[in-house]
>>> print(open('protein_20.tsv').read())   # TSV, C-alpha atoms
chain	number	residue	atom	x	y	z
A	257	MET	CA	-19.83	97.41	142.19
A	258	ALA	CA	-16.44	97.96	140.62
A	259	MET	CA	-16.12	100.98	138.36
A	260	ASN	CA	-13.01	102.03	136.53
A	261	ARG	CA	-11.84	105.63	136.36
A	262	ASP	CA	-13.34	106.22	132.94
A	263	GLU	CA	-16.74	105.10	134.11
A	264	ILE	CA	-16.46	107.23	137.22
A	265	PHE	CA	-15.39	110.22	135.15
A	266	GLN	CA	-18.36	109.82	132.83
A	267	GLU	CA	-20.78	109.67	135.73
A	268	VAL	CA	-19.14	112.69	137.42
A	269	GLN	CA	-19.30	114.55	134.12
A	270	GLU	CA	-23.02	113.82	133.88
A	271	VAL	CA	-23.56	115.08	137.44
A	272	LEU	CA	-21.70	118.34	136.76
A	273	ILE	CA	-23.49	118.96	133.47
A	274	ASP	CA	-26.83	118.69	135.26
A	275	ALA	CA	-25.82	120.57	138.41
A	276	LEU	CA	-24.01	123.47	136.76
A	277	GLY	CA	-25.65	123.66	133.35
A	278	VAL	CA	-22.32	123.34	131.53
A	279	ASP	CA	-21.48	121.53	128.29
A	280	ASN	CA	-19.80	118.17	128.35
A	281	ASN	CA	-16.67	119.47	126.58
A	282	GLU	CA	-16.17	121.97	129.41
A	283	VAL	CA	-16.02	119.23	132.02
A	284	THR	CA	-12.41	118.14	131.63
A	285	THR	CA	-10.30	116.51	134.34
A	286	GLU	CA	-8.35	119.75	134.87
A	287	ALA	CA	-11.37	122.08	134.94
A	288	THR	CA	-11.84	123.86	138.28
A	289	LEU	CA	-15.34	123.86	139.68
A	290	MET	CA	-15.43	127.52	140.66
A	291	GLY	CA	-13.14	129.17	138.13
A	292	ASP	CA	-13.92	127.18	135.01
A	293	LEU	CA	-17.37	125.79	135.66
A	294	GLY	CA	-18.84	128.69	137.66
A	295	ALA	CA	-19.88	126.74	140.75
A	296	GLU	CA	-21.14	128.71	143.76
A	297	SER	CA	-21.45	127.51	147.33
A	298	ILE	CA	-24.95	126.07	147.01
A	299	ASP	CA	-23.82	124.19	143.91
A	300	PHE	CA	-21.32	122.26	146.03
A	301	LEU	CA	-24.17	120.89	148.11
A	302	ASP	CA	-26.16	120.13	144.99
A	303	ILE	CA	-23.14	118.26	143.59
A	304	VAL	CA	-22.72	116.30	146.83
A	305	PHE	CA	-26.39	115.23	146.78
A	306	ARG	CA	-26.17	114.22	143.13
A	307	LEU	CA	-22.94	112.27	143.62
A	308	GLU	CA	-24.48	110.42	146.56
A	309	LYS	CA	-27.37	109.34	144.36
A	310	ALA	CA	-25.29	108.57	141.28
A	311	PHE	CA	-22.79	106.37	143.13
A	312	GLY	CA	-24.89	105.17	146.05
A	313	ILE	CA	-22.39	106.54	148.59
A	314	LYS	CA	-22.65	108.82	151.61
A	315	ILE	CA	-20.53	111.96	151.41
A	316	PRO	CA	-19.96	114.09	154.51
A	317	ARG	CA	-19.79	117.61	153.07
A	318	GLU	CA	-16.59	118.34	155.01
A	319	GLU	CA	-14.84	115.48	153.37
A	320	LEU	CA	-15.16	116.50	149.75
A	321	PHE	CA	-15.15	120.30	150.08
A	322	PRO	CA	-13.49	121.19	153.38
A	323	ALA	CA	-12.47	124.74	152.46
A	324	GLU	CA	-14.97	126.72	154.53
A	325	SER	CA	-14.01	125.39	157.92
A	326	LEU	CA	-10.35	126.01	157.14
A	327	MET	CA	-10.85	129.60	156.14
A	328	ASN	CA	-12.56	130.59	159.34
A	329	ASN	CA	-9.85	129.32	161.65
A	330	PRO	CA	-7.11	131.87	162.50
A	331	GLU	CA	-4.70	129.11	163.41
A	332	LEU	CA	-4.91	127.76	159.93
A	333	VAL	CA	-5.05	130.99	157.96
A	334	ASN	CA	-2.78	133.97	158.46
A	335	ASN	CA	-2.71	137.05	156.26
A	336	GLY	CA	-4.68	135.37	153.51
A	337	LYS	CA	-2.38	132.38	153.32
A	338	LEU	CA	-2.60	128.96	154.86
A	339	THR	CA	-0.13	128.41	157.70
A	340	GLU	CA	1.98	125.26	158.01
A	341	THR	CA	-0.68	123.85	160.32
A	342	GLY	CA	-3.32	124.82	157.80
A	343	LEU	CA	-1.46	123.08	155.01
A	344	ALA	CA	-1.03	119.97	157.10
A	345	GLU	CA	-4.76	120.00	157.82
A	346	LEU	CA	-5.52	120.43	154.14
A	347	ARG	CA	-3.24	117.56	153.16
A	348	GLU	CA	-5.00	115.36	155.65
A	349	LYS	CA	-8.45	116.39	154.48
A	350	LEU	CA	-7.72	116.23	150.78
A	351	PRO	CA	-5.82	113.00	150.20
A	352	HIS	CA	-7.49	112.85	146.78
A	353	THR	CA	-6.07	116.19	145.63
A	354	ASP	CA	-2.64	117.11	144.28
A	355	LEU	CA	-1.43	120.01	146.45
A	356	ALA	CA	2.12	120.43	145.11
A	357	ALA	CA	1.50	123.63	143.13
A	358	PHE	CA	-0.66	125.17	145.84
A	359	GLU	CA	1.92	124.67	148.56
A	360	ASN	CA	4.32	127.07	146.83
A	361	ASP	CA	1.84	129.88	147.27
A	362	PRO	CA	-0.92	128.83	149.67
A	363	ASP	CA	-3.12	131.86	149.00
A	364	ILE	CA	-6.65	131.07	150.21
A	365	ASN	CA	-8.10	132.75	147.15
A	366	LYS	CA	-6.58	129.93	145.18
A	367	LEU	CA	-8.22	127.26	147.30
A	368	GLY	CA	-11.03	127.23	144.77
A	369	ASP	CA	-8.60	126.08	142.10
A	370	LEU	CA	-7.98	122.90	144.06
A	371	PHE	CA	-11.48	121.67	143.46
A	372	THR	CA	-11.10	120.19	140.04
A	373	VAL	CA	-13.18	117.62	138.24
A	374	GLY	CA	-10.22	115.27	138.61
A	375	ALA	CA	-10.26	115.69	142.39
A	376	ILE	CA	-13.89	114.59	142.50
A	377	VAL	CA	-13.10	111.56	140.36
A	378	ASN	CA	-10.22	110.69	142.73
A	379	TYR	CA	-12.45	111.12	145.73
A	380	VAL	CA	-15.19	108.86	144.35
A	381	ASP	CA	-12.58	106.33	143.23
A	382	ILE	CA	-11.12	106.11	146.75
A	383	LYS	CA	-14.58	106.01	148.30
A	384	LEU	CA	-15.82	103.20	146.04
A	385	ASN	CA	-12.72	101.09	146.41
A	386	ALA	CA	-12.62	101.50	150.17
A	387	ALA	CA	-16.25	100.39	150.45
B	238	MET	CA	-47.02	150.81	174.96
B	239	SER	CA	-44.32	148.40	174.04
B	240	ASN	CA	-45.02	145.40	171.93
B	241	PRO	CA	-43.07	142.30	172.97
B	242	ALA	CA	-42.61	141.46	169.31
B	243	ASP	CA	-40.56	144.66	168.81
B	244	SER	CA	-37.52	142.99	170.24
B	245	PHE	CA	-37.46	140.86	167.11
B	246	ASN	CA	-37.55	143.81	164.80
B	247	ILE	CA	-35.56	142.37	161.95
B	248	GLY	CA	-37.38	139.11	162.15
B	249	ARG	CA	-40.69	140.89	162.16
B	250	THR	CA	-39.89	142.96	159.14
B	251	SER	CA	-38.98	139.86	157.21
B	252	ALA	CA	-42.03	138.06	158.49
B	253	GLU	CA	-44.29	140.84	157.31
B	254	MET	CA	-42.95	140.48	153.83
B	255	ARG	CA	-44.11	136.89	153.67
B	256	TRP	CA	-47.15	135.96	151.71
B	257	ILE	CA	-48.96	132.70	151.35
B	258	TRP	CA	-49.42	131.35	147.87
B	259	ILE	CA	-50.88	127.90	148.48
B	260	ASP	CA	-54.30	127.15	149.92
B	261	LYS	CA	-53.93	123.96	151.89
B	262	PHE	CA	-52.09	120.69	152.25
B	263	VAL	CA	-53.98	117.55	151.34
B	264	GLU	CA	-51.18	115.10	152.12
B	265	PHE	CA	-48.21	115.36	154.41
B	266	HIS	CA	-45.70	112.63	155.12
B	267	SER	CA	-43.12	114.01	157.47
B	268	GLY	CA	-39.62	114.07	155.99
B	269	GLU	CA	-40.77	112.46	152.76
B	270	SER	CA	-43.45	114.07	150.65
B	271	ALA	CA	-46.38	116.45	150.63
B	272	VAL	CA	-49.18	117.54	148.35
B	273	ALA	CA	-50.67	121.03	148.48
B	274	VAL	CA	-53.48	122.63	146.53
B	275	LYS	CA	-53.68	126.08	145.02
B	276	ASN	CA	-56.85	127.45	143.50
B	277	VAL	CA	-56.24	130.03	140.83
B	278	THR	CA	-58.77	132.82	140.62
B	279	LEU	CA	-59.33	135.80	138.41
B	280	ALA	CA	-59.60	137.81	141.61
B	281	GLU	CA	-55.78	137.64	141.78
B	282	GLU	CA	-54.66	140.92	140.38
B	283	HIS	CA	-51.58	139.73	138.56
B	284	LEU	CA	-53.83	137.83	136.17
B	285	HIS	CA	-55.34	141.12	135.01
B	286	ASP	CA	-52.02	142.22	133.59
B	287	HIS	CA	-50.59	138.84	132.65
B	288	PHE	CA	-52.04	139.19	130.09
B	289	PRO	CA	-54.97	141.53	129.34
B	290	GLY	CA	-57.57	139.35	127.62
B	291	PHE	CA	-55.46	136.20	128.10
B	292	PRO	CA	-55.00	135.56	131.81
B	293	VAL	CA	-52.38	132.88	132.58
B	294	MET	CA	-50.51	132.25	135.81
B	295	PRO	CA	-46.87	133.39	135.51
B	296	GLU	CA	-44.37	130.54	135.68
B	297	THR	CA	-42.40	132.34	138.40
B	298	LEU	CA	-45.44	132.14	140.63
B	299	MET	CA	-45.68	128.41	140.01
B	300	ILE	CA	-42.13	128.16	141.26
B	301	GLU	CA	-43.15	130.19	144.33
B	302	ALA	CA	-46.05	127.82	145.01
B	303	MET	CA	-43.73	124.83	144.76
B	304	ALA	CA	-41.15	126.59	146.95
B	305	GLN	CA	-43.77	127.11	149.65
B	306	THR	CA	-45.08	123.55	149.44
B	307	SER	CA	-41.64	121.97	149.59
B	308	GLY	CA	-40.15	124.60	151.89
B	309	ILE	CA	-42.71	123.71	154.55
B	310	LEU	CA	-42.05	120.01	153.94
B	311	VAL	CA	-38.32	120.57	154.43
B	312	GLY	CA	-38.86	122.83	157.46
B	313	GLU	CA	-41.16	120.37	159.17
B	314	ALA	CA	-38.58	117.60	158.69
B	315	LYS	CA	-36.33	119.49	161.14
B	316	ASN	CA	-39.21	120.54	163.34
B	317	PHE	CA	-39.10	124.13	162.02
B	318	GLN	CA	-35.81	124.75	163.80
B	319	GLU	CA	-33.92	125.68	160.64
B	320	LYS	CA	-34.28	128.80	158.53
B	321	VAL	CA	-35.06	127.24	155.21
B	322	ILE	CA	-34.28	129.48	152.24
B	323	LEU	CA	-34.76	128.74	148.55
B	324	ALA	CA	-31.21	128.57	147.21
B	325	LYS	CA	-31.39	127.13	143.73
B	326	VAL	CA	-33.90	126.26	141.05
B	327	LYS	CA	-32.33	123.07	139.77
B	328	LYS	CA	-34.84	122.48	137.05
B	329	CYS	CA	-38.12	123.90	135.85
B	330	VAL	CA	-40.01	122.78	132.79
B	331	PHE	CA	-43.48	124.04	132.00
B	332	PHE	CA	-45.85	122.01	129.87
B	333	ASP	CA	-49.10	123.91	129.87
B	334	TYR	CA	-50.87	127.15	130.77
B	335	VAL	CA	-52.61	127.66	134.09
B	336	LYS	CA	-55.83	129.65	133.86
B	337	PRO	CA	-58.31	131.21	136.28
B	338	GLY	CA	-60.52	128.51	137.78
B	339	ASP	CA	-57.79	125.87	137.67
B	340	THR	CA	-57.00	123.87	140.79
B	341	LEU	CA	-53.32	123.06	140.97
B	342	LYS	CA	-51.93	120.08	142.82
B	343	LEU	CA	-48.38	120.63	143.99
B	344	ALA	CA	-46.60	117.39	144.84
B	345	ALA	CA	-43.17	117.64	146.44
B	346	LYS	CA	-40.76	114.90	147.45
B	347	ILE	CA	-37.58	115.23	149.48
B	348	GLU	CA	-34.75	113.71	147.42
B	349	SER	CA	-31.90	114.46	149.84
B	350	ILE	CA	-31.66	116.19	153.17
B	351	ALA	CA	-28.51	117.00	155.16
B	352	PRO	CA	-27.77	119.30	158.09
B	353	GLU	CA	-26.94	122.17	155.69
B	354	ALA	CA	-29.43	121.75	152.89
B	355	ALA	CA	-32.15	119.77	151.17
B	356	SER	CA	-33.14	119.04	147.61
B	357	ILE	CA	-36.64	118.26	146.41
B	358	SER	CA	-38.36	117.21	143.23
B	359	GLY	CA	-41.78	118.59	142.44
B	360	LYS	CA	-44.62	118.13	140.00
B	361	ILE	CA	-47.56	120.41	139.37
B	362	THR	CA	-50.68	118.92	137.88
B	363	CYS	CA	-54.16	120.18	137.05
B	364	GLY	CA	-56.55	117.24	136.94
B	365	GLU	CA	-54.78	114.65	134.80
B	366	LYS	CA	-52.68	117.27	133.03
B	367	LEU	CA	-49.01	117.73	133.84
B	368	ILE	CA	-48.31	121.44	134.21
B	369	ALA	CA	-44.71	121.63	135.42
B	370	GLU	CA	-41.74	119.79	136.82
B	371	ILE	CA	-39.80	121.86	139.31
B	372	ASP	CA	-36.76	120.70	141.30
B	373	LEU	CA	-35.44	122.98	144.02
B	374	MET	CA	-32.67	123.27	146.58
B	375	PHE	CA	-33.02	124.80	149.99
B	376	SER	CA	-30.29	126.03	152.27
B	377	HIS	CA	-30.45	125.92	156.06
B	378	ILE	CA	-28.85	129.33	156.20
B	379	ASP	CA	-27.64	129.33	159.79
B	380	ARG	CA	-25.36	126.46	158.85
B	381	ASN	CA	-24.04	127.86	155.62
B	382	LEU	CA	-23.03	131.49	155.83
B	383	ALA	CA	-20.24	131.20	158.37
B	384	GLY	CA	-19.74	134.42	160.27
B	385	LYS	CA	-22.97	136.07	159.18
B	386	GLU	CA	-25.65	136.38	161.78
B	387	PHE	CA	-29.34	136.12	161.33
B	388	PRO	CA	-32.14	137.06	163.71
B	389	GLU	CA	-32.68	134.57	166.47
B	390	GLU	CA	-36.32	134.26	165.60
B	391	ASN	CA	-37.22	131.93	162.80
B	392	PHE	CA	-38.53	134.50	160.34
B	393	VAL	CA	-39.15	131.88	157.68
B	394	PHE	CA	-41.76	129.84	159.47
B	395	THR	CA	-44.25	132.22	160.93
B	396	ASP	CA	-47.41	131.03	162.60
B	397	THR	CA	-49.36	131.91	159.48
B	398	PHE	CA	-47.28	129.44	157.54
B	399	LYS	CA	-47.61	126.72	160.10
B	400	SER	CA	-51.36	127.19	160.17
B	401	LEU	CA	-51.47	125.70	156.69
B	402	LEU	CA	-50.79	122.35	158.28
B	403	GLN	CA	-53.59	122.58	160.76
B	404	GLY	CA	-56.34	121.65	158.34
B	405	LEU	CA	-54.93	118.17	157.89
B	406	SER	CA	-56.75	115.36	159.59
B	407	SER	CA	-54.77	112.60	161.22
B	408	ASP	CA	-56.27	109.80	159.11
B	409	ASP	CA	-54.08	110.65	156.11
B	410	GLY	CA	-50.80	109.84	157.76
B	411	SER	CA	-50.17	113.41	158.76
B	412	SER	CA	-50.37	113.36	162.51
B	413	ASP	CA	-46.65	114.17	162.85
B	414	ALA	CA	-47.15	117.31	160.87
B	415	LEU	CA	-50.16	118.27	162.88
B	416	GLU	CA	-48.32	118.27	166.13
B	417	SER	CA	-45.20	120.09	165.08
B	418	GLY	CA	-47.27	122.51	163.04
B	419	GLN	CA	-48.95	123.76	166.17
B	420	ASP	CA	-45.80	124.53	168.15
>>> encode(input="protein_20.tsv", output="structure tokens")
Amino acid sequence: MAMNRDEIFQEVQEVLIDALGVDNNEVTTEATLMGDLGAESIDFLDIVFRLEKAFGIKIPREELFPAESLMNNPELVNNGKLTETGLAELREKLPHTDLAAFENDPDINKLGDLFTVGAIVNYVDIKLNAA
Amino acid sequence: MSNPADSFNIGRTSAEMRWIWIDKFVEFHSGESAVAVKNVTLAEEHLHDHFPGFPVMPETLMIEAMAQTSGILVGEAKNFQEKVILAKVKKCVFFDYVKPGDTLKLAAKIESIAPEAASISGKITCGEKLIAEIDLMFSHIDRNLAGKEFPEENFVFTDTFKSLLQGLSSDDGSSDALESGQD
């Protein structure tokens, strides 16, 4: 089933409104899940389950939100910042996310800012087109 | 005299805090759905205060009953190996009062289940009457809080909890539950 980006965005918006109890005008492409929409860790799993149902796809949790495994690996994180290896790993795991701004200051506290509504739309877009 | 259970002190403390808020399962389809029953009685003390002269079951306790029904369903799906903790109330809508003498039917269905978590949808009815719709999320905590350690013992599913499954007969499609419930 082919869906264009607008259709995907609308569906993602619906999912986030239900999962996070936010208003539809809050769910913009640039909005960050944690900072702007108040998502907590269990919400990420809720969102994954809802996306799977909404789009009929299977989402390995690591694939969409890989932050946790990165943060616990000393090779990838040093002194609160991602190392070169860590950045490389992140680039590989997040092909659907624009990392340019983050790479200038790869502070792990800012990892949360990477998870935007737009990144989810990109992810679903890639996933649907690859299928 | 030493009690072998003392070596699980933390687990035991948590286990002792548990209380059972459903009476029995009447249906159990492993990994899919379950129906439990709770009889509400004026002998339950909270009904004396909630409210004097107008006893109705608090909505929070309906959520607890659904959490127990579906928590056991989710736990059994992984053979009670995971520590299943209520993590999120996704939705709860209440349509009617529950009064002493009512028999509640708690029907829970697993919507999604993954190594880290599960989500369920639930309905509470009393006879033909819809009482509540409650959707919950459970976390398998050992897989979610990286770095934090929990007691080895599964303090969520104590034997008391598992005993709820023992009343089921095998002619209602529940034989799976019966066996794992007696581990």
>>> interface_residues(input="protein_20.tsv", of="chain A", to="chain B", cutoff="10 Å", atoms="all atoms listed in the file", output="list in words")
Asp274, Ala275, Leu276, Gly277, Ser297, Ile298, Asp299, Leu301, Asp302, Val304, Phe305, Arg306, Glu308, Lys309, Pro316, Arg317, Glu324, Ser325, Met327 and Asn328 of chain A
>>> residues_near_point(input="protein_20.tsv", point="(-20.8, 118.2, 134.9)", cutoff="10 Å", atoms="only C-alpha atoms", output="ChimeraX atom specification")
/A:265-284,289,293,303,373
>>> residues_around(input="protein_20.tsv", residues="region 267-270 of chain B", least_positions_apart="6", cutoff="6 Å", atoms="all atoms listed in the file", output="JSON, numbers by chain")
{"B": [314, 345, 346, 347]}
>>> closest_residue(input="protein_20.tsv", among="B:Glu313, B:Glu301, B:Glu281, B:Glu365", to="Phe265 (chain B)", atoms="all atoms listed in the file")
B:Glu313
>>> closest_residue(input="protein_20.tsv", among="B:Ser307, B:Ile257, B:Ala280, B:Lys315", to="Ala344 (chain B)", atoms="all atoms listed in the file")
B:Ser307
>>> atom_distance(input="protein_20.tsv", atom1="CA of Tyr334 (chain B)", atom2="CA of Pro292 (chain B)")
9.4 Å
>>> residues_around(input="protein_20.tsv", residues="Val333 (chain A)", least_positions_apart="5", cutoff="12 Å", atoms="all atoms listed in the file", output="list in words")
Ala323, Glu324, Ser325, Leu326, Met327, Asn328, Leu338, Thr339, Glu340, Thr341, Gly342, Leu343, Ala344, Glu345, Leu346, Pro362, Asp363, Ile364, Asn365 and Leu367 of chain A
>>> atom_distance(input="protein_20.tsv", atom1="CA of Leu401 (chain B)", atom2="CA of Phe331 (chain B)")
26.0 Å
>>> atom_distance(input="protein_20.tsv", atom1="CA of Trp258 (chain B)", atom2="CA of Ile322 (chain B)")
15.9 Å
>>> residues_around(input="protein_20.tsv", residues="Glu319 (chain A)", least_positions_apart="3", cutoff="10 Å", atoms="all atoms listed in the file", output="list in words")
Ile315, Pro316, Pro322, Ala323, Lys349, Leu350, Pro351 and Tyr379 of chain A
>>> residues_around(input="protein_20.tsv", residues="Met303 (chain B)", least_positions_apart="5", cutoff="10 Å", atoms="only C-alpha atoms", output="PDB file with C-alpha atoms, in the frame of the given file")
ATOM      1  CA  TRP B 258     -49.420 131.350 147.870  1.00  0.00           C
ATOM      2  CA  ILE B 259     -50.880 127.900 148.480  1.00  0.00           C
ATOM      3  CA  VAL B 272     -49.180 117.540 148.350  1.00  0.00           C
ATOM      4  CA  ALA B 273     -50.670 121.030 148.480  1.00  0.00           C
ATOM      5  CA  THR B 297     -42.400 132.340 138.400  1.00  0.00           C
ATOM      6  CA  LEU B 298     -45.440 132.140 140.630  1.00  0.00           C
ATOM      7  CA  GLY B 308     -40.150 124.600 151.890  1.00  0.00           C
ATOM      8  CA  ILE B 309     -42.710 123.710 154.550  1.00  0.00           C
ATOM      9  CA  LYS B 342     -51.930 120.080 142.820  1.00  0.00           C
ATOM     10  CA  LEU B 343     -48.380 120.630 143.990  1.00  0.00           C
ATOM     11  CA  ALA B 344     -46.600 117.390 144.840  1.00  0.00           C
ATOM     12  CA  ALA B 345     -43.170 117.640 146.440  1.00  0.00           C
ATOM     13  CA  ILE B 357     -36.640 118.260 146.410  1.00  0.00           C
ATOM     14  CA  SER B 358     -38.360 117.210 143.230  1.00  0.00           C
ATOM     15  CA  GLY B 359     -41.780 118.590 142.440  1.00  0.00           C
ATOM     16  CA  LYS B 360     -44.620 118.130 140.000  1.00  0.00           C
ATOM     17  CA  ILE B 361     -47.560 120.410 139.370  1.00  0.00           C
ATOM     18  CA  ALA B 369     -44.710 121.630 135.420  1.00  0.00           C
ATOM     19  CA  GLU B 370     -41.740 119.790 136.820  1.00  0.00           C
ATOM     20  CA  ILE B 371     -39.800 121.860 139.310  1.00  0.00           C
ATOM     21  CA  ASP B 372     -36.760 120.700 141.300  1.00  0.00           C
ATOM     22  CA  LEU B 373     -35.440 122.980 144.020  1.00  0.00           C
TER      23      LEU B 373
END
>>> axis_aligned_box(input="protein_20.tsv", around="region 361-374 of chain A", padding_each_side="8 Å", output="lines of an AutoDock Vina configuration file")
center_x = -5.7
center_y = 124.0
center_z = 144.2
size_x = 31.0
size_y = 33.5
size_z = 28.0
>>> closest_residue(input="protein_20.tsv", among="B:Met299, B:Leu341, B:Met294, B:Ala271", to="Val311 (chain B)", atoms="only C-alpha atoms")
B:Ala271
>>> closest_residue(input="protein_20.tsv", among="A:Asn335, A:Asn385, A:Asn378, A:Thr372", to="Ala295 (chain A)", atoms="only C-alpha atoms")
A:Thr372
